[in-house]
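A.B. asks: Pasting a structure below so you can have a look.
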Amino acid sequence: MLRFKYIIIIGILVVLYPSVNAQVDRVSKAFSMLQKGDLDSAKILIDLAVVDVETINDGEAWYVRGFCYKSIYNSREKTNKQSPSRIEALNSFKRSLLVDTSVANVSENIKNIKYLSATLFNDVKTSLDSTNYLVAIDDFDKFKEYSILVDTSKANQKQNDINFLKALASVYTQIYESDRKGGNQFLSLAKATYSKVLILDPNNISANYNMGILFYNQAVQLITQSDIDIDIVALNDLQDNSIKLFRESLPFMEKAYQLDPKRKETLLGLSGVYFSLNDKVKSDLYKQKLQEIGN
Amino acid sequence: MLSAKDLMKKILFVLISFVFLTSWMVVKPDQSEEFAAKIKVAYLYNFTKLIEWPSDRKQGNFVVGVLGNNITLISELNKMAATKKVESQKIEIKNISSSSEASQCQIVYILPDNSSQLNDVVNKAKSSSVLIITENQGLVKQGAGINFIVVENKLKYELNKQNIENHKLKVGAQLETMAVHDVK
């Protein structure tokens, strides 16, 4: 009976050994192909290796996969700001980190994630314009997802969020400014984005100022873009609406002023808000302060 | 030592970072003076529709005389004159320098700095169909027909029906309804 059991175990091993060896071999072969620059063959081999039960949790296999896709990104997709290979590479390095926590493996994966995250961040910066901002948003979300693995500083993450949101709000504002009549949804997006900045950093001067100016300019626009032919009742209502917006502008402008009393733009803005609220005394006060600092 | 290519890359990176970090500092306040002037001109154009001048003043140009200097306001008035009419009359904006020119106008708009000339204007235009508009508290009691005032941050107007009718003008009901004070 015991003899029969041994025969079975040896039989199983004989059958399985080539299979296990084949998986490990795939990883080495893929690495070898990579070294030779044959990225397509390397990719086929390593993709098979990481779905096989024998190597699915092999840190080295995932690392080689990450390296393979990183090489594809560098050689073929560098100009593609939404490169799928870059994301595959990042996912692979991340997976490798999860399954193999040995010092050497962690260090190599982190180095690569840092590099690819930096390329994502650079693409965010170059996409933040009125036509590519959706790419920037997508890339920034990915940047956040992966950079958190290599930079755990909450302060850095917060600062990145603030910088990105301010730049994004500025893009929304530019789109709105280019078409004030048709771009109201971008005005709302700009306000919502500055609100997010102010939740993260209530003392952010430029976010307070810009939020104030958005309300201010909207209020001015209500009147300046209306037809002179507007009847007296509608004019009365329009004034009510614009005054409401000027009043909404005030707390942000005043906060920006408290944070930096010598900022010229804020003084100019405050003078304008009070002038439009028909408070000439306060308007002149800020105009005077503006003159005192030399403008 | 950096190669020329590396140097270019570094400069480009610095430039891109700069654009990214400073790109939110672009919003400038709109012109509040234009905003305020436009409200006044919109009111004034409504006055031309809600007040009736006698038939002898419905010929020739409809002259709006401005006593005082306010470039933004005059610019907005000129924009109105370029695009609108009072019934069939062309609107003419005239910067008047003395009260003696008041009787030639259908409207005389006395700006705040020139409020002291109100009495002169009232006297000179006593027998003319002129609507006198002012911009200082209490001037409807001194002869103005309509006076712009600020109530809770809002530009409104007070109206003295008697003063207006003294110049043979008829006040529309809506103009009275929308006024802050109807000084009898």
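FYI, nothing fancy with the structure tokens labels: chains A, B, ... in order, residues from 1 per chain, ligands from 1 as they appear.
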Could you give me the residues within segment 46-156 of chain A that DSSP places in alpha helix (DSSP H), as number ranges by chain?

C.D. replies: A: 46-49, 59-76, 84-99, 103-127, 133-150, 154-156

A.B. asks: Output as a count of residues only the set of chain A residues within 8 Å of chain B, with distances taken over only C-alpha atoms.

C.D. replies: 38

A.B. asks: Set the distance at 7 Å and use only C-alpha atoms: which residues neighbour segment 106-117 of chain B once local chain neighbours fewer than 3 positions away are removed? I'd like the list as JSON, numbers by chain.

C.D. replies: {"B": [62, 63, 64, 65, 66, 67, 68, 102, 120, 121, 129, 130, 131, 132, 133, 134, 135, 136]}

A.B. asks: Would you mind writing down, as a ChimeraX atom specification, each residue of chain B that DSSP on the backbone assigns to strand (DSSP E)?

C.D. replies: /B:51-52,62-67,85-86,89-96,107-110,131-134,146-151,154-159,170-171

A.B. asks: As a VMD selection string, please: the residues near Val140 of chain B (cut-off 8 Å, only C-alpha atoms, same-chain neighbours under 2 positions excluded).

C.D. replies: chain B and resid 138 142 to 147 158 to 160 163 183

A.B. asks: Now that the selection is made, can you save its residues with all heavy atoms as a CSV table (one decimal), in the first residue's frame?

C.D. replies:
```
chain,number,residue,atom,x,y,z
B,138,GLY,N,-31.8,113.8,-1.6
B,138,GLY,CA,-32.7,114.9,-1.3
B,138,GLY,C,-32.9,115.9,-2.4
B,138,GLY,O,-33.6,116.9,-2.3
B,142,GLN,N,-35.4,119.7,-4.2
B,142,GLN,CA,-34.8,121.0,-4.7
B,142,GLN,C,-35.1,121.3,-6.1
B,142,GLN,O,-34.4,122.1,-6.8
B,142,GLN,CB,-33.3,121.1,-4.4
B,142,GLN,CG,-33.0,121.0,-2.9
B,142,GLN,CD,-31.5,120.9,-2.6
B,142,GLN,OE1,-30.7,121.6,-3.4
B,142,GLN,NE2,-31.1,120.2,-1.7
B,143,GLY,N,-36.0,120.5,-6.7
B,143,GLY,CA,-36.3,120.8,-8.1
B,143,GLY,C,-36.1,119.7,-9.1
B,143,GLY,O,-36.6,119.7,-10.3
B,144,ALA,N,-35.3,118.6,-8.7
B,144,ALA,CA,-35.1,117.5,-9.7
B,144,ALA,C,-36.3,116.7,-9.9
B,144,ALA,O,-37.2,116.6,-9.0
B,144,ALA,CB,-33.9,116.6,-9.2
B,145,GLY,N,-36.5,116.2,-11.1
B,145,GLY,CA,-37.6,115.3,-11.3
B,145,GLY,C,-37.4,113.9,-10.9
B,145,GLY,O,-38.2,113.3,-10.2
B,146,ILE,N,-36.2,113.4,-11.2
B,146,ILE,CA,-35.8,112.1,-10.8
B,146,ILE,C,-34.4,112.2,-10.2
B,146,ILE,O,-33.5,112.9,-10.7
B,146,ILE,CB,-35.8,111.1,-12.0
B,146,ILE,CG1,-37.2,110.8,-12.4
B,146,ILE,CG2,-35.0,109.8,-11.7
B,146,ILE,CD1,-37.4,110.0,-13.7
B,147,ASN,N,-34.2,111.5,-9.1
B,147,ASN,CA,-32.9,111.5,-8.4
B,147,ASN,C,-32.4,110.1,-8.1
B,147,ASN,O,-33.2,109.3,-7.5
B,147,ASN,CB,-33.0,112.3,-7.1
B,147,ASN,CG,-31.7,112.5,-6.4
B,147,ASN,OD1,-30.7,112.8,-7.0
B,147,ASN,ND2,-31.7,112.2,-5.1
B,158,GLU,N,-35.6,108.1,-6.8
B,158,GLU,CA,-36.8,108.7,-6.2
B,158,GLU,C,-37.4,109.7,-7.2
B,158,GLU,O,-36.6,110.2,-8.1
B,158,GLU,CB,-36.5,109.4,-4.9
B,158,GLU,CG,-35.3,110.3,-4.9
B,158,GLU,CD,-34.9,110.8,-3.5
B,158,GLU,OE1,-35.5,110.4,-2.5
B,158,GLU,OE2,-34.0,111.6,-3.4
B,159,LEU,N,-38.6,110.0,-7.1
B,159,LEU,CA,-39.3,110.7,-8.2
B,159,LEU,C,-40.2,111.8,-7.6
B,159,LEU,O,-40.9,111.6,-6.6
B,159,LEU,CB,-40.1,109.7,-9.0
B,159,LEU,CG,-41.0,110.1,-10.1
B,159,LEU,CD1,-41.0,109.0,-11.2
B,159,LEU,CD2,-42.4,110.4,-9.7
B,160,ASN,N,-40.2,113.0,-8.1
B,160,ASN,CA,-41.1,114.0,-7.7
B,160,ASN,C,-42.0,114.4,-8.9
B,160,ASN,O,-41.6,115.1,-9.8
B,160,ASN,CB,-40.3,115.3,-7.3
B,160,ASN,CG,-41.2,116.3,-6.6
B,160,ASN,OD1,-42.3,116.6,-7.1
B,160,ASN,ND2,-40.7,117.0,-5.6
B,163,ASN,N,-42.6,118.1,-9.7
B,163,ASN,CA,-41.5,118.7,-10.4
B,163,ASN,C,-41.5,118.3,-11.9
B,163,ASN,O,-41.2,119.2,-12.7
B,163,ASN,CB,-40.2,118.3,-9.8
B,163,ASN,CG,-39.9,119.0,-8.4
B,163,ASN,OD1,-40.7,119.9,-8.1
B,163,ASN,ND2,-38.9,118.5,-7.7
B,183,VAL,N,-42.4,111.7,-4.0
B,183,VAL,CA,-42.5,113.0,-3.2
B,183,VAL,C,-43.5,113.9,-3.8
B,183,VAL,O,-43.5,114.2,-4.9
B,183,VAL,CB,-41.1,113.7,-3.2
B,183,VAL,CG1,-41.2,115.0,-2.3
B,183,VAL,CG2,-40.0,112.8,-2.7
```

A.B. asks: Nearest residue to Ala256 of chain A out of A:Asn204, A:Ser195, A:Val106, A:Ile72, using only C-alpha atoms?

C.D. replies: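 Selected residue with least distance to Ala256 of chain A: A:Asn204.
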
A.B. asks: Leaving out Ile137 of chain A and any residue of its chain fewer than 4 positions from it, which residues lie within 10 Å of it when counting only C-alpha atoms, given as a PyMOL selection string?

C.D. replies: chain A and resi 124+127-128+132-133+141-143+164-165+168

A.B. asks: Output the selection as a PDB file, in the first residue's frame - N, CA and C atoms for each residue.

C.D. replies:
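Result file is again-v5.pdb:
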```pdb
ATOM      1  N   VAL A 124       0.405  65.485 -17.115  1.00  0.00           N
ATOM      2  CA  VAL A 124      -0.671  66.298 -16.520  1.00  0.00           C
ATOM      3  C   VAL A 124      -0.386  67.766 -16.816  1.00  0.00           C
ATOM      4  N   SER A 127      -0.894  68.742 -20.378  1.00  0.00           N
ATOM      5  CA  SER A 127      -2.274  68.570 -20.907  1.00  0.00           C
ATOM      6  C   SER A 127      -3.258  69.571 -20.310  1.00  0.00           C
ATOM      7  N   LEU A 128      -2.786  70.325 -19.329  1.00  0.00           N
ATOM      8  CA  LEU A 128      -3.722  71.241 -18.669  1.00  0.00           C
ATOM      9  C   LEU A 128      -4.002  72.474 -19.528  1.00  0.00           C
ATOM     10  N   ASN A 132      -7.201  69.733 -23.773  1.00  0.00           N
ATOM     11  CA  ASN A 132      -6.760  68.420 -23.276  1.00  0.00           C
ATOM     12  C   ASN A 132      -6.977  68.214 -21.779  1.00  0.00           C
ATOM     13  N   TYR A 133      -7.785  69.070 -21.154  1.00  0.00           N
ATOM     14  CA  TYR A 133      -7.885  69.002 -19.694  1.00  0.00           C
ATOM     15  C   TYR A 133      -8.461  67.675 -19.183  1.00  0.00           C
ATOM     16  N   ASP A 141      -5.434  61.507 -11.813  1.00  0.00           N
ATOM     17  CA  ASP A 141      -6.012  60.453 -10.965  1.00  0.00           C
ATOM     18  C   ASP A 141      -5.071  59.247 -10.903  1.00  0.00           C
ATOM     19  N   LYS A 142      -4.503  58.907 -12.066  1.00  0.00           N
ATOM     20  CA  LYS A 142      -3.576  57.765 -12.106  1.00  0.00           C
ATOM     21  C   LYS A 142      -2.290  58.097 -11.350  1.00  0.00           C
ATOM     22  N   PHE A 143      -1.823  59.319 -11.548  1.00  0.00           N
ATOM     23  CA  PHE A 143      -0.609  59.747 -10.835  1.00  0.00           C
ATOM     24  C   PHE A 143      -0.813  59.584  -9.328  1.00  0.00           C
ATOM     25  N   PHE A 164      -2.780  71.036  -8.514  1.00  0.00           N
ATOM     26  CA  PHE A 164      -3.508  70.542  -9.678  1.00  0.00           C
ATOM     27  C   PHE A 164      -4.890  71.190  -9.768  1.00  0.00           C
ATOM     28  N   LEU A 165      -5.602  71.226  -8.648  1.00  0.00           N
ATOM     29  CA  LEU A 165      -6.965  71.772  -8.665  1.00  0.00           C
ATOM     30  C   LEU A 165      -6.966  73.258  -9.033  1.00  0.00           C
ATOM     31  N   LEU A 168      -6.400  73.433 -12.701  1.00  0.00           N
ATOM     32  CA  LEU A 168      -7.598  72.967 -13.415  1.00  0.00           C
ATOM     33  C   LEU A 168      -8.702  74.033 -13.369  1.00  0.00           C
TER      34      LEU A 168
END
```

A.B. asks: Tell me, as an MDAnalysis selection string, which residues lie within 9 Å of segment 32-42 of chain A, counting only C-alpha atoms; anything in the same chain fewer than 4 positions away does not count.

C.D. replies: chainID A and resid 26:28 46:47 64:65 67:69 71:72

A.B. asks: For the selection just defined, write its residues with C-alpha atoms to a file, as a PDB file, in the first residue's frame.

C.D. replies:
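Result file is result-v1.pdb:
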```
ATOM      1  CA  ARG A  26       8.983  31.747 -19.417  1.00  0.00           C
ATOM      2  CA  VAL A  27       9.988  34.511 -17.020  1.00  0.00           C
ATOM      3  CA  SER A  28      13.685  33.986 -17.716  1.00  0.00           C
ATOM      4  CA  ILE A  46       5.461  37.364 -19.671  1.00  0.00           C
ATOM      5  CA  ASP A  47       1.724  37.869 -20.179  1.00  0.00           C
ATOM      6  CA  VAL A  64       9.753  41.588 -15.476  1.00  0.00           C
ATOM      7  CA  ARG A  65       6.293  42.331 -16.861  1.00  0.00           C
ATOM      8  CA  PHE A  67       9.884  46.298 -17.064  1.00  0.00           C
ATOM      9  CA  CYS A  68       8.650  44.917 -20.387  1.00  0.00           C
ATOM     10  CA  TYR A  69       5.715  47.333 -20.569  1.00  0.00           C
ATOM     11  CA  SER A  71      10.214  49.482 -22.275  1.00  0.00           C
ATOM     12  CA  ILE A  72       7.264  49.430 -24.687  1.00  0.00           C
TER      13      ILE A  72
END
```

A.B. asks: Applying 10 Å and only C-alpha atoms, which residues near segment 95-100 of chain A remain after dropping the ones on its own chain fewer than 2 positions away? List them as a list in words.

C.D. replies: Ile56, Asn57, Asp58, Gly59, Glu60, Ala61, Trp62, Tyr63, Val64, Arg65, Gly66, Ala89, Leu90, Asn91, Ser92, Phe93, Ser102, Val103, Ala104, Asn105, Val106, Ser107, Glu108, Asn109, Ile110 and Leu149 of chain A
